[in-house]
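Down below is the structure, laid out as structure tokens.
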Amino acid sequence: MPVSREIHLVARPKGMPEPEHFAMVETQVGDAPDGGVLVQNLYMSVDPAMRPRLTAGQELNEAMMGGALGRVVQSKSDAFKVGDLVSNRLGFREYFTSDGKGLTKLAADPELPVTVHMHALGMTGFTAYGGLLDIGKLKDGEQVFVSTAAGAVGSVAAQIAKIKGCYVVGSTGAADKADWLRNEVGLDAVINYKETPIREAVEAATPKGIDVYFDNVGGDHLEAALRRMNTLGRIPVCGFISGYNSGRSAVSNLSNIIYSRVMLRGFVGTDFMHLYGDFQRDMAGWLKEGKMKYQETILDGIANAPNALIGLMQGVNSGKMLVKLAD
């Protein structure tokens, strides 16, 4: 029976999370149950959407939840064999047992690194794909603005828009990320909002207005985009990073959605599961053809999981934030 280390939330943060809000706990994990499996997690995902659950949703003094990719190391199930890779929602821990519910067997593509299944070819990429094409109703050649365009979701959304022949503007808060978006991704315009006020920058970068704003931020980014939305524009709202720590995200011009007949809609990835097959086909092809670029920030070891989450909220990551738990 393996000893597993796991990360617990021990105090609720007010504002930015700090290391003292978390604790690493050792637990003894049993053998696979009858009809079930014992899984060793290899990588775990760290995502902005985890922050609201620290305020409400995540129980104290229990292992935290998050997306992960694991390997079956013991099986008493007909559905899984030893060595199978499985995606799960039981991150923030090294080992766990399962009756098989909530596990999805992964047929890793040998032509692609396994980690892409944690972002571009996983739920992160699917969120961008469906949010832009299904919720945002993107049409070829439109004017598109993506906030946090160097992040795991934003970078995929921006590149899908480029693949569809759109004029694409992306925002980020670091010079190196802005350089990557310009030189590697090839966006038409890149805004560093730490250097130029976002309102003026969006206006200058969108001479033909905005048809689709893929929103990961809310707040001043949403306000700036609303000033530039074209008639019948669409705003799929994927995240509200500006308000995750403060609990507030002010926007003063929401009335613009009336005058410009703008659709503003929040969404989650499960809203468009009917597109998952199309997404896997398209994304695998784009990755292999070099049309989809990505970045990864990988911290090593379960002890670094809190640092990964805090660093993500501070914007220290480039692309997808992952924690490697085992080889």
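Each chain in the structure tokens gets a letter, A, B and so on, in the order shown; residues start at 1 in every chain, and ligands are counted from 1 in the order they appear.
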Range 96-100 of chain A: which residues within 12 Å, counting only C-alpha atoms, same-chain residues fewer than 4 positions away excluded, as a PyMOL selection string?
chain A and resi 1-6+27-42+63+68+70-81+86-92+104-105
Next, the residues of the selection above should be written as a short mmCIF file (atom, residue, chain, number, x, y, z; two decimals), in the first residue's frame with N, CA and C atoms.
```cif
data_model
loop_
_atom_site.label_atom_id
_atom_site.label_comp_id
_atom_site.auth_asym_id
_atom_site.auth_seq_id
_atom_site.Cartn_x
_atom_site.Cartn_y
_atom_site.Cartn_z
N MET A 1 0.85 -1.19 0.00
CA MET A 1 0.00 0.00 0.00
C MET A 1 0.89 1.24 0.00
N PRO A 2 0.72 2.13 -1.00
CA PRO A 2 1.61 3.30 -1.08
C PRO A 2 1.21 4.40 -0.09
N VAL A 3 2.21 5.17 0.30
CA VAL A 3 1.96 6.40 1.03
C VAL A 3 1.79 7.51 -0.01
N SER A 4 0.72 8.26 0.12
CA SER A 4 0.43 9.33 -0.82
C SER A 4 0.47 10.67 -0.10
N ARG A 5 1.12 11.64 -0.72
CA ARG A 5 1.07 13.01 -0.22
C ARG A 5 -0.02 13.76 -0.96
N GLU A 6 -0.75 14.59 -0.24
CA GLU A 6 -1.83 15.36 -0.85
C GLU A 6 -1.87 16.75 -0.23
N THR A 27 -0.96 10.34 3.58
CA THR A 27 -2.02 9.39 3.85
C THR A 27 -1.63 8.01 3.33
N GLN A 28 -2.17 7.00 3.93
CA GLN A 28 -1.95 5.62 3.47
C GLN A 28 -3.08 5.26 2.51
N VAL A 29 -2.73 4.89 1.30
CA VAL A 29 -3.74 4.53 0.30
C VAL A 29 -3.80 3.02 0.18
N GLY A 30 -5.01 2.47 0.18
CA GLY A 30 -5.18 1.03 0.13
C GLY A 30 -5.00 0.45 -1.26
N ASP A 31 -5.13 -0.86 -1.34
CA ASP A 31 -5.09 -1.54 -2.63
C ASP A 31 -6.34 -1.21 -3.43
N ALA A 32 -6.27 -1.53 -4.71
CA ALA A 32 -7.45 -1.32 -5.57
C ALA A 32 -8.63 -2.09 -5.01
N PRO A 33 -9.81 -1.48 -4.95
CA PRO A 33 -10.99 -2.20 -4.48
C PRO A 33 -11.48 -3.21 -5.52
N ASP A 34 -12.29 -4.14 -5.11
CA ASP A 34 -12.86 -5.08 -6.06
C ASP A 34 -13.61 -4.32 -7.15
N GLY A 35 -13.26 -4.60 -8.40
CA GLY A 35 -13.88 -3.91 -9.52
C GLY A 35 -13.29 -2.54 -9.79
N GLY A 36 -12.25 -2.15 -9.04
CA GLY A 36 -11.68 -0.82 -9.18
C GLY A 36 -10.20 -0.83 -9.46
N VAL A 37 -9.56 0.33 -9.27
CA VAL A 37 -8.16 0.51 -9.63
C VAL A 37 -7.44 1.37 -8.60
N LEU A 38 -6.12 1.24 -8.59
CA LEU A 38 -5.23 2.14 -7.87
C LEU A 38 -4.48 2.95 -8.93
N VAL A 39 -4.52 4.28 -8.79
CA VAL A 39 -3.96 5.18 -9.80
C VAL A 39 -2.85 6.03 -9.18
N GLN A 40 -1.74 6.15 -9.91
CA GLN A 40 -0.69 7.10 -9.56
C GLN A 40 -0.79 8.28 -10.51
N ASN A 41 -0.98 9.47 -9.97
CA ASN A 41 -1.05 10.66 -10.80
C ASN A 41 0.35 11.04 -11.31
N LEU A 42 0.42 11.39 -12.58
CA LEU A 42 1.68 11.78 -13.21
C LEU A 42 1.80 13.29 -13.33
N ALA A 63 -8.33 16.76 0.81
CA ALA A 63 -7.53 16.88 -0.41
C ALA A 63 -8.27 17.72 -1.44
N ALA A 68 -6.23 15.96 -13.51
CA ALA A 68 -4.95 15.26 -13.45
C ALA A 68 -4.92 14.15 -14.50
N GLY A 70 -3.22 10.35 -14.79
CA GLY A 70 -2.58 9.31 -13.99
C GLY A 70 -2.40 8.01 -14.75
N ARG A 71 -1.70 7.09 -14.09
CA ARG A 71 -1.46 5.77 -14.65
C ARG A 71 -2.00 4.72 -13.69
N VAL A 72 -2.73 3.75 -14.23
CA VAL A 72 -3.23 2.65 -13.42
C VAL A 72 -2.05 1.76 -13.01
N VAL A 73 -1.84 1.59 -11.70
CA VAL A 73 -0.74 0.77 -11.21
C VAL A 73 -1.21 -0.54 -10.60
N GLN A 74 -2.50 -0.64 -10.34
CA GLN A 74 -3.10 -1.90 -9.87
C GLN A 74 -4.54 -1.91 -10.32
N SER A 75 -4.99 -3.04 -10.84
CA SER A 75 -6.36 -3.11 -11.35
C SER A 75 -7.05 -4.40 -10.94
N LYS A 76 -8.28 -4.24 -10.48
CA LYS A 76 -9.19 -5.35 -10.26
C LYS A 76 -10.48 -5.10 -11.06
N SER A 77 -10.29 -4.43 -12.18
CA SER A 77 -11.41 -4.02 -13.03
C SER A 77 -11.24 -4.58 -14.43
N ASP A 78 -12.33 -4.97 -15.04
CA ASP A 78 -12.29 -5.42 -16.44
C ASP A 78 -12.15 -4.24 -17.40
N ALA A 79 -12.45 -3.04 -16.94
CA ALA A 79 -12.44 -1.87 -17.82
C ALA A 79 -11.07 -1.22 -17.93
N PHE A 80 -10.19 -1.47 -16.97
CA PHE A 80 -8.87 -0.84 -16.97
C PHE A 80 -7.80 -1.89 -16.70
N LYS A 81 -6.66 -1.71 -17.36
CA LYS A 81 -5.54 -2.61 -17.10
C LYS A 81 -4.35 -1.79 -16.60
N VAL A 86 -5.18 7.52 -17.49
CA VAL A 86 -6.55 7.94 -17.22
C VAL A 86 -6.56 9.40 -16.79
N SER A 87 -7.48 10.17 -17.35
CA SER A 87 -7.71 11.53 -16.87
C SER A 87 -8.72 11.45 -15.73
N ASN A 88 -8.59 12.38 -14.79
CA ASN A 88 -9.43 12.35 -13.61
C ASN A 88 -9.52 13.75 -13.00
N ARG A 89 -10.37 13.91 -12.02
CA ARG A 89 -10.52 15.18 -11.31
C ARG A 89 -9.94 15.10 -9.90
N LEU A 90 -9.03 14.16 -9.68
CA LEU A 90 -8.46 13.95 -8.35
C LEU A 90 -7.00 14.35 -8.31
N GLY A 91 -6.75 15.59 -8.74
CA GLY A 91 -5.41 16.15 -8.63
C GLY A 91 -5.09 16.50 -7.19
N PHE A 92 -3.95 17.16 -6.97
CA PHE A 92 -3.49 17.54 -5.64
C PHE A 92 -3.26 16.34 -4.73
N THR A 104 -11.44 8.57 -17.20
CA THR A 104 -11.55 8.45 -18.66
C THR A 104 -10.24 7.93 -19.21
N LYS A 105 -10.31 6.79 -19.87
CA LYS A 105 -9.10 6.20 -20.44
C LYS A 105 -8.60 7.07 -21.58
#
```
So that I can check the secondary structure, give me every residue of range 68-159 of chain A assigned helix (DSSP H, G or I) by backbone DSSP, as a ChimeraX atom specification.
/A:114-118,123-135,152-159
Closest of A:Thr270, A:Ser255, A:Ser260, A:Thr148 to Gly130 in chain A, counting only C-alpha atoms, is A:Thr270
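Here CA of Lys324 in chain A stands at a distance of 21.7 Å from CA of Glu20 in chain A.
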Among the residues A:Ala128, A:Val212, A:Leu181, A:Leu299, the one that comes closest to Met283 in chain A [using only C-alpha atoms]:
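Answer, going by the shortest atom-to-atom distance: A:Ala128.
You will find CA of Met118 in chain A at 25.4 Å from CA of Ile235 in chain A.
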Shell around Ile191 in chain A at 10 Å using only C-alpha atoms, local window under 4 positions removed, as a list in words:
Ser147, Thr148, Ala149, Val169, Gly170, Ser171, Thr172, Gly173, Ala174, Ala175, Ala178, Leu181, Arg182, Glu195, Thr196, Pro197, Ile198, Ala201, Val202, Ala204 and Ala205 of chain A
Selected residues written out, N, CA and C atoms, as a PDB file, in the first residue's frame:
```pdb
ATOM      1  N   SER A 147      -8.475  38.284 -24.346  1.00  0.00           N
ATOM      2  CA  SER A 147      -7.696  38.696 -23.175  1.00  0.00           C
ATOM      3  C   SER A 147      -6.924  37.500 -22.618  1.00  0.00           C
ATOM      4  N   THR A 148      -5.854  37.803 -21.863  1.00  0.00           N
ATOM      5  CA  THR A 148      -4.883  36.791 -21.408  1.00  0.00           C
ATOM      6  C   THR A 148      -4.551  35.836 -22.556  1.00  0.00           C
ATOM      7  N   ALA A 149      -4.150  36.425 -23.672  1.00  0.00           N
ATOM      8  CA  ALA A 149      -3.953  35.650 -24.899  1.00  0.00           C
ATOM      9  C   ALA A 149      -2.724  34.759 -24.859  1.00  0.00           C
ATOM     10  N   VAL A 169      -6.489  40.357 -32.057  1.00  0.00           N
ATOM     11  CA  VAL A 169      -5.770  41.162 -31.077  1.00  0.00           C
ATOM     12  C   VAL A 169      -5.725  40.369 -29.774  1.00  0.00           C
ATOM     13  N   GLY A 170      -4.557  40.331 -29.124  1.00  0.00           N
ATOM     14  CA  GLY A 170      -4.434  39.651 -27.848  1.00  0.00           C
ATOM     15  C   GLY A 170      -3.815  40.556 -26.807  1.00  0.00           C
ATOM     16  N   SER A 171      -4.228  40.393 -25.555  1.00  0.00           N
ATOM     17  CA  SER A 171      -3.635  41.165 -24.466  1.00  0.00           C
ATOM     18  C   SER A 171      -2.886  40.236 -23.519  1.00  0.00           C
ATOM     19  N   THR A 172      -1.840  40.780 -22.904  1.00  0.00           N
ATOM     20  CA  THR A 172      -1.066  40.070 -21.905  1.00  0.00           C
ATOM     21  C   THR A 172      -0.397  41.106 -21.020  1.00  0.00           C
ATOM     22  N   GLY A 173       0.213  40.641 -19.926  1.00  0.00           N
ATOM     23  CA  GLY A 173       0.793  41.587 -18.984  1.00  0.00           C
ATOM     24  C   GLY A 173       2.289  41.488 -18.823  1.00  0.00           C
ATOM     25  N   ALA A 174       2.981  40.865 -19.780  1.00  0.00           N
ATOM     26  CA  ALA A 174       4.433  40.707 -19.672  1.00  0.00           C
ATOM     27  C   ALA A 174       5.068  40.838 -21.041  1.00  0.00           C
ATOM     28  N   ALA A 175       6.262  41.417 -21.078  1.00  0.00           N
ATOM     29  CA  ALA A 175       6.938  41.668 -22.348  1.00  0.00           C
ATOM     30  C   ALA A 175       7.302  40.378 -23.063  1.00  0.00           C
ATOM     31  N   ALA A 178       4.238  38.948 -24.616  1.00  0.00           N
ATOM     32  CA  ALA A 178       3.864  39.746 -25.787  1.00  0.00           C
ATOM     33  C   ALA A 178       4.742  39.393 -26.984  1.00  0.00           C
ATOM     34  N   LEU A 181       3.571  36.097 -28.473  1.00  0.00           N
ATOM     35  CA  LEU A 181       2.336  36.253 -29.242  1.00  0.00           C
ATOM     36  C   LEU A 181       2.590  36.894 -30.595  1.00  0.00           C
ATOM     37  N   ARG A 182       3.518  37.830 -30.635  1.00  0.00           N
ATOM     38  CA  ARG A 182       3.841  38.484 -31.913  1.00  0.00           C
ATOM     39  C   ARG A 182       4.645  37.566 -32.826  1.00  0.00           C
ATOM     40  N   GLU A 195       1.983  48.204 -19.865  1.00  0.00           N
ATOM     41  CA  GLU A 195       2.706  49.326 -20.474  1.00  0.00           C
ATOM     42  C   GLU A 195       1.784  50.388 -21.055  1.00  0.00           C
ATOM     43  N   THR A 196       0.609  49.956 -21.527  1.00  0.00           N
ATOM     44  CA  THR A 196      -0.331  50.885 -22.166  1.00  0.00           C
ATOM     45  C   THR A 196      -1.709  50.705 -21.551  1.00  0.00           C
ATOM     46  N   PRO A 197      -2.382  51.781 -21.146  1.00  0.00           N
ATOM     47  CA  PRO A 197      -3.742  51.634 -20.601  1.00  0.00           C
ATOM     48  C   PRO A 197      -4.622  50.840 -21.552  1.00  0.00           C
ATOM     49  N   ILE A 198      -5.347  49.894 -21.010  1.00  0.00           N
ATOM     50  CA  ILE A 198      -6.067  48.935 -21.842  1.00  0.00           C
ATOM     51  C   ILE A 198      -7.119  49.616 -22.716  1.00  0.00           C
ATOM     52  N   ALA A 201      -5.340  51.207 -25.643  1.00  0.00           N
ATOM     53  CA  ALA A 201      -4.689  50.179 -26.454  1.00  0.00           C
ATOM     54  C   ALA A 201      -5.689  49.403 -27.294  1.00  0.00           C
ATOM     55  N   VAL A 202      -6.831  49.042 -26.716  1.00  0.00           N
ATOM     56  CA  VAL A 202      -7.848  48.306 -27.463  1.00  0.00           C
ATOM     57  C   VAL A 202      -8.408  49.175 -28.585  1.00  0.00           C
ATOM     58  N   ALA A 204      -6.893  51.565 -30.227  1.00  0.00           N
ATOM     59  CA  ALA A 204      -5.900  51.697 -31.291  1.00  0.00           C
ATOM     60  C   ALA A 204      -5.736  50.407 -32.086  1.00  0.00           C
ATOM     61  N   ALA A 205      -5.899  49.266 -31.429  1.00  0.00           N
ATOM     62  CA  ALA A 205      -5.644  47.971 -32.071  1.00  0.00           C
ATOM     63  C   ALA A 205      -6.834  47.426 -32.842  1.00  0.00           C
TER      64      ALA A 205
END
```
Kindly give the distance, in Å, that separates CA of Gly141 in chain A and CA of Lys291 in chain A, rounded to a single decimal.
17.1 Å
Find the residue from A:Ala157, A:Ala224, A:Ala56, A:Val217 that sits nearest to Thr124 in chain A; use only C-alpha atoms when measuring.
A:Ala157
Between A:Asn304, A:Thr231, A:Ser45, A:Gln280, which one has atoms that come closest to Met263 in chain A, using only C-alpha atoms?
A:Thr231
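Using only C-alpha atoms, the nearest neighbour of Gln143 in chain A within the list A:Asn183, A:Asn230, A:Asn192, A:Ser252 is A:Asn230.
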Once DSSP has gone over the backbone, tell me which residues of range 149-269 of chain A are in strand (DSSP E), as a compact mmCIF listing (two decimals) with N, CA, C and O atoms, in the first residue's frame.
```txt
# COMPACT_ATOMS: atom_id res chain seq x y z
N TYR A 167 -8.82 38.68 -38.02
CA TYR A 167 -7.90 39.68 -37.49
C TYR A 167 -7.96 39.55 -35.97
O TYR A 167 -9.04 39.69 -35.38
N VAL A 168 -6.81 39.27 -35.34
CA VAL A 168 -6.82 38.90 -33.92
C VAL A 168 -5.92 39.81 -33.11
O VAL A 168 -4.73 39.98 -33.43
N VAL A 169 -6.49 40.36 -32.06
CA VAL A 169 -5.77 41.16 -31.08
C VAL A 169 -5.73 40.37 -29.77
O VAL A 169 -6.74 39.79 -29.35
N GLY A 170 -4.56 40.33 -29.12
CA GLY A 170 -4.43 39.65 -27.85
C GLY A 170 -3.81 40.56 -26.81
O GLY A 170 -2.97 41.40 -27.13
N SER A 171 -4.23 40.39 -25.55
CA SER A 171 -3.63 41.17 -24.47
C SER A 171 -2.89 40.24 -23.52
O SER A 171 -3.24 39.06 -23.35
N THR A 172 -1.84 40.78 -22.90
CA THR A 172 -1.07 40.07 -21.91
C THR A 172 -0.40 41.11 -21.02
O THR A 172 -0.43 42.30 -21.32
N ALA A 189 -2.15 42.12 -33.64
CA ALA A 189 -1.79 43.18 -32.71
C ALA A 189 -1.73 42.59 -31.31
O ALA A 189 -2.53 41.71 -30.96
N VAL A 190 -0.77 43.05 -30.52
CA VAL A 190 -0.59 42.55 -29.16
C VAL A 190 -0.53 43.72 -28.20
O VAL A 190 0.20 44.70 -28.44
N ILE A 191 -1.28 43.64 -27.13
CA ILE A 191 -1.35 44.69 -26.11
C ILE A 191 -0.67 44.20 -24.84
O ILE A 191 -1.00 43.12 -24.33
N ASN A 192 0.29 44.97 -24.34
CA ASN A 192 0.84 44.75 -23.00
C ASN A 192 0.16 45.76 -22.09
O ASN A 192 0.51 46.94 -22.09
N ILE A 210 -14.79 45.24 -32.93
CA ILE A 210 -14.65 43.86 -32.44
C ILE A 210 -15.95 43.12 -32.71
O ILE A 210 -17.03 43.57 -32.32
N ASP A 211 -15.84 41.98 -33.38
CA ASP A 211 -17.01 41.11 -33.58
C ASP A 211 -17.14 40.09 -32.45
O ASP A 211 -18.25 39.79 -32.01
N VAL A 212 -16.00 39.54 -32.00
CA VAL A 212 -16.01 38.55 -30.92
C VAL A 212 -14.92 38.93 -29.92
O VAL A 212 -13.75 39.07 -30.29
N TYR A 213 -15.32 39.11 -28.67
CA TYR A 213 -14.35 39.29 -27.58
C TYR A 213 -14.40 38.05 -26.71
O TYR A 213 -15.42 37.77 -26.06
N PHE A 214 -13.30 37.29 -26.68
CA PHE A 214 -13.20 36.10 -25.82
C PHE A 214 -12.65 36.58 -24.49
O PHE A 214 -11.47 36.90 -24.36
N MET A 229 -17.30 47.07 -29.43
CA MET A 229 -18.06 45.97 -30.02
C MET A 229 -18.89 46.44 -31.20
O MET A 229 -19.58 47.46 -31.15
N ASN A 230 -18.82 45.69 -32.28
CA ASN A 230 -19.65 45.95 -33.45
C ASN A 230 -21.09 45.48 -33.20
O ASN A 230 -21.35 44.66 -32.32
N THR A 231 -22.00 46.00 -33.98
CA THR A 231 -23.39 45.58 -33.86
C THR A 231 -23.52 44.07 -34.04
O THR A 231 -22.92 43.49 -34.94
N LEU A 232 -24.26 43.45 -33.14
CA LEU A 232 -24.48 41.99 -33.11
C LEU A 232 -23.18 41.24 -32.79
O LEU A 232 -23.03 40.07 -33.15
N GLY A 233 -22.28 41.90 -32.07
CA GLY A 233 -21.07 41.23 -31.61
C GLY A 233 -21.38 40.23 -30.51
O GLY A 233 -22.47 40.23 -29.91
N ARG A 234 -20.42 39.35 -30.23
CA ARG A 234 -20.61 38.30 -29.24
C ARG A 234 -19.45 38.31 -28.24
O ARG A 234 -18.29 38.47 -28.63
N ILE A 235 -19.78 38.10 -26.96
CA ILE A 235 -18.76 38.05 -25.91
C ILE A 235 -18.95 36.76 -25.12
O ILE A 235 -19.76 36.69 -24.19
N PRO A 236 -18.24 35.69 -25.48
CA PRO A 236 -18.24 34.50 -24.64
C PRO A 236 -17.34 34.75 -23.43
O PRO A 236 -16.17 35.11 -23.57
N VAL A 237 -17.90 34.59 -22.23
CA VAL A 237 -17.17 34.90 -21.00
C VAL A 237 -16.67 33.60 -20.39
O VAL A 237 -17.44 32.80 -19.85
N MET A 263 -24.37 40.03 -27.65
CA MET A 263 -24.62 38.84 -26.85
C MET A 263 -23.45 38.64 -25.90
O MET A 263 -22.30 38.53 -26.33
N LEU A 264 -23.74 38.61 -24.61
CA LEU A 264 -22.73 38.36 -23.58
C LEU A 264 -23.17 37.13 -22.80
O LEU A 264 -24.24 37.15 -22.18
N ARG A 265 -22.37 36.06 -22.84
CA ARG A 265 -22.80 34.80 -22.22
C ARG A 265 -21.64 34.09 -21.56
O ARG A 265 -20.60 33.87 -22.18
N GLY A 266 -21.84 33.72 -20.31
CA GLY A 266 -20.89 32.84 -19.64
C GLY A 266 -21.09 31.40 -20.07
O GLY A 266 -22.17 31.02 -20.54
```
Distance query Arg199 in chain A at most 9 Å, only C-alpha atoms, self and fewer than 6 positions along chain excluded, as a PyMOL selection string
chain A and resi 220-221+223-225+227
